[in-house]
Amino acid sequence: MAAEAHGEEAGGLVFHPMDQFIVKPFFGDGAVSWYTITNATVWMALAVLAVFALLVLGTSKRSVVPTRMQSVGELAYGFIYKMVEDICGKDGVKYFPYIMTLFMFIVFSNFLGLLPMAFTPTSHIAVTAVMAFAVFFGVTILGFVKNGASFLSLFWVSSAPLALRPILALIEIISYFVRPVSHSIRLAGNMMAGHAVIKVFAGFAAIAAIAPFSIVAITAMYGLEILVSFIQAYVFTILTCVYLKDALHPHH
Amino acid sequence: MATEPLDMEVAGTCVSEFGGAIGMPQLCGEWFGNQIFWLVVALVAIYFILSRIALPRIGSVLAERQGTITNDIAAAEDLKVKATEAEAAYDKALIDARAEAQRIISAAKADIQADLDKAIVTADAEIAAKAAESEKAISEIRAGAMQNVEEVAKDTAQAIVAALGGSADAKTVSAAVEARMKG
């Protein structure tokens, strides 16, 4: 997307699939410094508000027979609580609020990002990488605090033949350090790709002959994106649980 | 998106002078600080909302519901036992009532039988009295009838004799008739 291309394409097909990811100040123009309220800030704030609305306002009646909103909130709670308990065991339950925080933020960012003209914070590697590295460092520090040096037995596969163990250890260590990278790129990549593809199809809608196909394709992609939005939040959360389990129980 | 030119200070390594993206906006280092700062703010906000308000509340609601369900099931068990007891009591009452009814019926039957017997005896006595009376009446009537027959026979015999041209005094005729009738 060179600058001159924008000018030349003005009459015909216009593809700017990446423009939706631009971070810009929400109030007026100007430079983006670290504290500027940007479109990213606004959509993160909306995610926070959505979490508040669902889990606080929705449950404010504390009814034994739940309303629809409360029912959804309880469903989210039960879903993540059970995931943490099943994967990490009973001693992982005290980390449930952290995991719930990540899940609720990602799931609402993803779904709010599907609104037309929205900005998706989770499509940015800066956002997902911060979360992934927070998980990585948190889990690693926790592993050493809880298990001391025996946390390193995570890399020493005692069930394998002795000769293979050093090789496996090397592979295990590499895979351990690749975790935050794959963890963050998976989410950001999925969110970015889906939104960019929708935008490309939308660009084709300018040609009358292709427009019906384009609209059908956008609809189909949108449906797929709804699925992806949830699945990626789920995957991010379940991987966090798996990493946490490694920290709590490093022995194979 | 925006195609009108923006201020030149906005256009940098990430955004062209027309407002379009240069390359992937995700890799634009200028915006990292902003995103990371606000992400941390958002996550901390969500964490406090969840850990201070939402999660304890939902947890207590779920626990309360579990308690309510357990209590209700226990109460249902209690009620079931009570229902069984009530059914047994009802059955017992029914059996008692049947026995009582049976007893009353037999008592009533005995009473009626006694009354009946008494009435029959009285009736028999009355019937016997009536029969005796009737018999007497009949024998009287019969006696009356015999006398009448005798008188008629005498009169007739006298009339026949007279009709045959004979003359018979009443004494002779009646003696003859009496003799015949006895004979």
# chains A, B, ... in the order shown; residues from 1 in each chain; ligands from 1
$ interface_residues --of "chain B" --to "chain A" --cutoff "8 Å" --atoms "only C-alpha atoms" --output "VMD selection string"
chain B and resid 1 3 7 9 to 10 15 to 18 20 to 27 30 to 39 42 to 43 45 to 47 49 to 51 53 to 55 57 to 58 61 to 62 64 to 65
$ write_last_selection --atoms "N, CA and C atoms" --output "compact mmCIF listing (two decimals), in the first residue's frame"
# COMPACT_ATOMS: atom_id res chain seq x y z
N MET B 1 -11.18 2.90 4.29
CA MET B 1 -11.15 3.79 5.46
C MET B 1 -10.81 5.19 5.01
N THR B 3 -9.37 8.18 3.43
CA THR B 3 -8.45 8.40 2.31
C THR B 3 -8.04 9.86 2.20
N ASP B 7 -2.76 15.22 8.79
CA ASP B 7 -1.63 16.10 9.11
C ASP B 7 -0.32 15.35 8.89
N GLU B 9 2.24 15.37 10.62
CA GLU B 9 2.88 14.83 11.83
C GLU B 9 2.34 13.43 12.16
N VAL B 10 1.12 13.12 11.66
CA VAL B 10 0.59 11.77 11.87
C VAL B 10 1.30 10.80 10.95
N VAL B 15 1.98 5.12 8.87
CA VAL B 15 0.83 5.57 8.10
C VAL B 15 1.31 6.49 7.00
N SER B 16 0.76 6.30 5.80
CA SER B 16 1.16 7.15 4.68
C SER B 16 0.49 8.50 4.81
N GLU B 17 0.87 9.45 3.95
CA GLU B 17 0.30 10.79 4.06
C GLU B 17 -1.19 10.80 3.72
N PHE B 18 -1.69 9.71 3.08
CA PHE B 18 -3.12 9.63 2.78
C PHE B 18 -3.90 8.90 3.87
N GLY B 20 -3.39 5.80 4.82
CA GLY B 20 -3.39 4.35 4.64
C GLY B 20 -2.26 3.72 5.44
N ALA B 21 -2.41 2.42 5.65
CA ALA B 21 -1.39 1.71 6.41
C ALA B 21 -0.19 1.41 5.52
N ILE B 22 1.00 1.53 6.09
CA ILE B 22 2.20 1.10 5.39
C ILE B 22 2.60 -0.23 6.00
N GLY B 23 2.54 -1.29 5.21
CA GLY B 23 2.85 -2.61 5.75
C GLY B 23 1.82 -3.04 6.77
N MET B 24 2.27 -3.82 7.75
CA MET B 24 1.34 -4.27 8.79
C MET B 24 1.33 -3.29 9.96
N PRO B 25 0.19 -2.71 10.25
CA PRO B 25 0.13 -1.80 11.41
C PRO B 25 0.52 -2.51 12.70
N GLN B 26 0.33 -3.85 12.71
CA GLN B 26 0.66 -4.60 13.92
C GLN B 26 2.14 -4.48 14.28
N LEU B 27 2.97 -4.25 13.26
CA LEU B 27 4.40 -4.24 13.52
C LEU B 27 4.92 -2.82 13.73
N GLU B 30 5.75 2.39 16.92
CA GLU B 30 5.30 3.65 17.53
C GLU B 30 4.10 3.45 18.45
N TRP B 31 3.31 2.43 18.14
CA TRP B 31 2.04 2.26 18.86
C TRP B 31 2.13 1.26 19.99
N PHE B 32 3.26 0.56 20.10
CA PHE B 32 3.35 -0.50 21.10
C PHE B 32 3.10 0.03 22.51
N GLY B 33 3.78 1.15 22.83
CA GLY B 33 3.68 1.68 24.20
C GLY B 33 2.25 1.97 24.57
N ASN B 34 1.55 2.65 23.65
CA ASN B 34 0.16 2.99 23.89
C ASN B 34 -0.69 1.76 24.13
N GLN B 35 -0.53 0.77 23.25
CA GLN B 35 -1.37 -0.44 23.38
C GLN B 35 -1.06 -1.20 24.66
N ILE B 36 0.24 -1.30 24.95
CA ILE B 36 0.62 -2.07 26.14
C ILE B 36 0.11 -1.38 27.39
N PHE B 37 0.28 -0.04 27.44
CA PHE B 37 -0.20 0.71 28.61
C PHE B 37 -1.70 0.49 28.82
N TRP B 38 -2.47 0.69 27.76
CA TRP B 38 -3.92 0.57 27.93
C TRP B 38 -4.36 -0.87 28.15
N LEU B 39 -3.59 -1.83 27.57
CA LEU B 39 -3.91 -3.24 27.83
C LEU B 39 -3.76 -3.55 29.31
N ALA B 42 -6.57 -2.11 31.16
CA ALA B 42 -7.81 -2.88 30.96
C ALA B 42 -7.77 -4.18 31.75
N LEU B 43 -6.62 -4.88 31.69
CA LEU B 43 -6.54 -6.17 32.38
C LEU B 43 -6.64 -5.99 33.89
N ALA B 45 -8.16 -3.57 35.40
CA ALA B 45 -9.56 -3.22 35.69
C ALA B 45 -10.41 -4.48 35.71
N ILE B 46 -10.26 -5.32 34.69
CA ILE B 46 -11.07 -6.55 34.65
C ILE B 46 -10.74 -7.44 35.84
N TYR B 47 -9.42 -7.51 36.17
CA TYR B 47 -9.04 -8.37 37.29
C TYR B 47 -9.73 -7.93 38.58
N ILE B 49 -12.47 -6.05 38.86
CA ILE B 49 -13.92 -6.28 38.75
C ILE B 49 -14.25 -7.73 39.08
N LEU B 50 -13.45 -8.63 38.51
CA LEU B 50 -13.74 -10.05 38.69
C LEU B 50 -13.46 -10.49 40.11
N SER B 51 -12.23 -10.20 40.61
CA SER B 51 -11.85 -10.79 41.88
C SER B 51 -12.55 -10.13 43.05
N ILE B 53 -15.69 -8.32 42.86
CA ILE B 53 -17.16 -8.32 42.82
C ILE B 53 -17.71 -9.59 42.17
N ALA B 54 -17.36 -9.77 40.90
CA ALA B 54 -18.12 -10.72 40.08
C ALA B 54 -17.93 -12.17 40.52
N LEU B 55 -16.65 -12.60 40.67
CA LEU B 55 -16.44 -14.02 40.93
C LEU B 55 -16.96 -14.45 42.30
N ARG B 57 -19.36 -13.17 43.91
CA ARG B 57 -20.83 -13.14 43.84
C ARG B 57 -21.37 -14.36 43.10
N ILE B 58 -20.81 -14.63 41.91
CA ILE B 58 -21.30 -15.78 41.14
C ILE B 58 -21.05 -17.07 41.90
N VAL B 61 -23.62 -17.37 44.53
CA VAL B 61 -24.93 -17.69 43.94
C VAL B 61 -25.00 -19.18 43.58
N LEU B 62 -23.91 -19.67 42.98
CA LEU B 62 -23.89 -21.09 42.58
C LEU B 62 -23.96 -21.99 43.82
N GLU B 64 -25.19 -21.19 46.71
CA GLU B 64 -26.52 -21.05 47.30
C GLU B 64 -27.53 -21.91 46.54
N ARG B 65 -27.39 -21.89 45.21
CA ARG B 65 -28.32 -22.69 44.41
C ARG B 65 -28.14 -24.17 44.73
$ residues_around --residues "range 202-210 of chain A" --least-positions-apart "3" --cutoff "8 Å" --atoms "only C-alpha atoms" --output "PyMOL selection string"
chain A and resi 13-16+198-199+213-215+218
$ write_last_selection --atoms "N, CA and C atoms" --output "CSV table (one decimal), in the first residue's frame"
chain,number,residue,atom,x,y,z
A,13,LEU,N,-11.1,-0.3,-8.1
A,13,LEU,CA,-11.1,-1.1,-6.9
A,13,LEU,C,-10.1,-0.5,-5.9
A,14,VAL,N,-10.6,-0.5,-4.6
A,14,VAL,CA,-9.8,0.1,-3.6
A,14,VAL,C,-9.7,-1.0,-2.5
A,15,PHE,N,-8.5,-1.4,-2.3
A,15,PHE,CA,-8.2,-2.4,-1.2
A,15,PHE,C,-7.4,-1.8,-0.1
A,16,HIS,N,-7.9,-1.6,1.0
A,16,HIS,CA,-7.1,-1.2,2.1
A,16,HIS,C,-7.4,-2.1,3.3
A,198,ILE,N,-12.2,-10.4,5.3
A,198,ILE,CA,-13.5,-9.7,5.2
A,198,ILE,C,-13.4,-8.4,4.4
A,199,LYS,N,-12.4,-7.7,4.8
A,199,LYS,CA,-12.2,-6.4,4.1
A,199,LYS,C,-11.9,-6.5,2.6
A,213,PHE,N,-21.7,-12.3,-5.0
A,213,PHE,CA,-20.8,-13.3,-4.4
A,213,PHE,C,-20.0,-12.7,-3.3
A,214,SER,N,-19.6,-11.5,-3.4
A,214,SER,CA,-18.8,-10.8,-2.4
A,214,SER,C,-19.6,-10.8,-1.0
A,215,ILE,N,-20.9,-10.4,-1.2
A,215,ILE,CA,-21.7,-10.3,0.0
A,215,ILE,C,-21.9,-11.6,0.7
A,218,ILE,N,-18.7,-12.5,2.4
A,218,ILE,CA,-18.5,-11.7,3.7
A,218,ILE,C,-19.4,-12.4,4.8
$ closest_residue --among "A:Ala247, A:Ile238, A:Ala211, A:Gly28" --to "Gly138 in chain A" --atoms "only C-alpha atoms"
A:Ala247
$ residues_around --residues "range 154-163 of chain B" --least-positions-apart "5" --cutoff "9 Å" --atoms "only C-alpha atoms" --output "mmCIF file with N, CA and C atoms, in the first residue's frame"
data_model
loop_
_atom_site.group_PDB
_atom_site.id
_atom_site.type_symbol
_atom_site.label_atom_id
_atom_site.label_comp_id
_atom_site.auth_asym_id
_atom_site.auth_seq_id
_atom_site.Cartn_x
_atom_site.Cartn_y
_atom_site.Cartn_z
ATOM 1 N N VAL B 149 -132.264 -74.720 56.364
ATOM 2 C CA VAL B 149 -132.526 -75.791 55.404
ATOM 3 C C VAL B 149 -133.720 -76.620 55.877
ATOM 4 N N ALA B 168 -151.790 -82.285 54.826
ATOM 5 C CA ALA B 168 -150.910 -82.740 55.923
ATOM 6 C C ALA B 168 -150.807 -81.671 56.962
ATOM 7 N N ASP B 169 -150.914 -82.092 58.139
ATOM 8 C CA ASP B 169 -150.717 -81.077 59.173
ATOM 9 C C ASP B 169 -149.242 -80.857 59.376
ATOM 10 N N ALA B 170 -148.951 -79.716 59.835
ATOM 11 C CA ALA B 170 -147.535 -79.268 59.955
ATOM 12 C C ALA B 170 -146.730 -80.189 60.837
ATOM 13 N N VAL B 173 -145.607 -83.395 58.958
ATOM 14 C CA VAL B 173 -144.584 -83.079 57.929
ATOM 15 C C VAL B 173 -143.252 -82.819 58.571
ATOM 16 N N SER B 174 -143.239 -81.951 59.596
ATOM 17 C CA SER B 174 -141.935 -81.607 60.192
ATOM 18 C C SER B 174 -141.299 -82.822 60.855
ATOM 19 N N ALA B 175 -142.180 -83.715 61.440
ATOM 20 C CA ALA B 175 -141.586 -84.905 62.019
ATOM 21 C C ALA B 175 -140.971 -85.776 60.948
ATOM 22 N N ALA B 176 -141.667 -85.885 59.813
ATOM 23 C CA ALA B 176 -141.130 -86.682 58.710
ATOM 24 C C ALA B 176 -139.837 -86.102 58.189
ATOM 25 N N VAL B 177 -139.820 -84.807 58.034
ATOM 26 C CA VAL B 177 -138.586 -84.145 57.505
ATOM 27 C C VAL B 177 -137.439 -84.338 58.472
ATOM 28 N N GLU B 178 -137.680 -84.113 59.731
ATOM 29 C CA GLU B 178 -136.631 -84.268 60.736
ATOM 30 C C GLU B 178 -136.092 -85.685 60.693
#
$ select_by_dssp --residues "range 4-114 of chain A" --states "helix (DSSP H, G or I)" --output "PyMOL selection string"
chain A and resi 4-11+19-21+39-57+68-88+90-112
$ atom_distance --atom1 "CA of Val200 in chain A" --atom2 "CA of Pro116 in chain A"
14.3 Å
$ atom_distance --atom1 "CA of Val145 in chain A" --atom2 "CA of Ile80 in chain A"
24.8 Å
$ atom_distance --atom1 "CA of Ala179 in chain B" --atom2 "CA of Glu151 in chain B"
13.4 Å
$ residues_around --residues "range 220-237 of chain A" --least-positions-apart "3" --cutoff "7 Å" --atoms "only C-alpha atoms" --output "NGL selection string"
:A and (99 or 103 or 106-107 or 110-111 or 183 or 187 or 194 or 198 or 216-217 or 240-241)
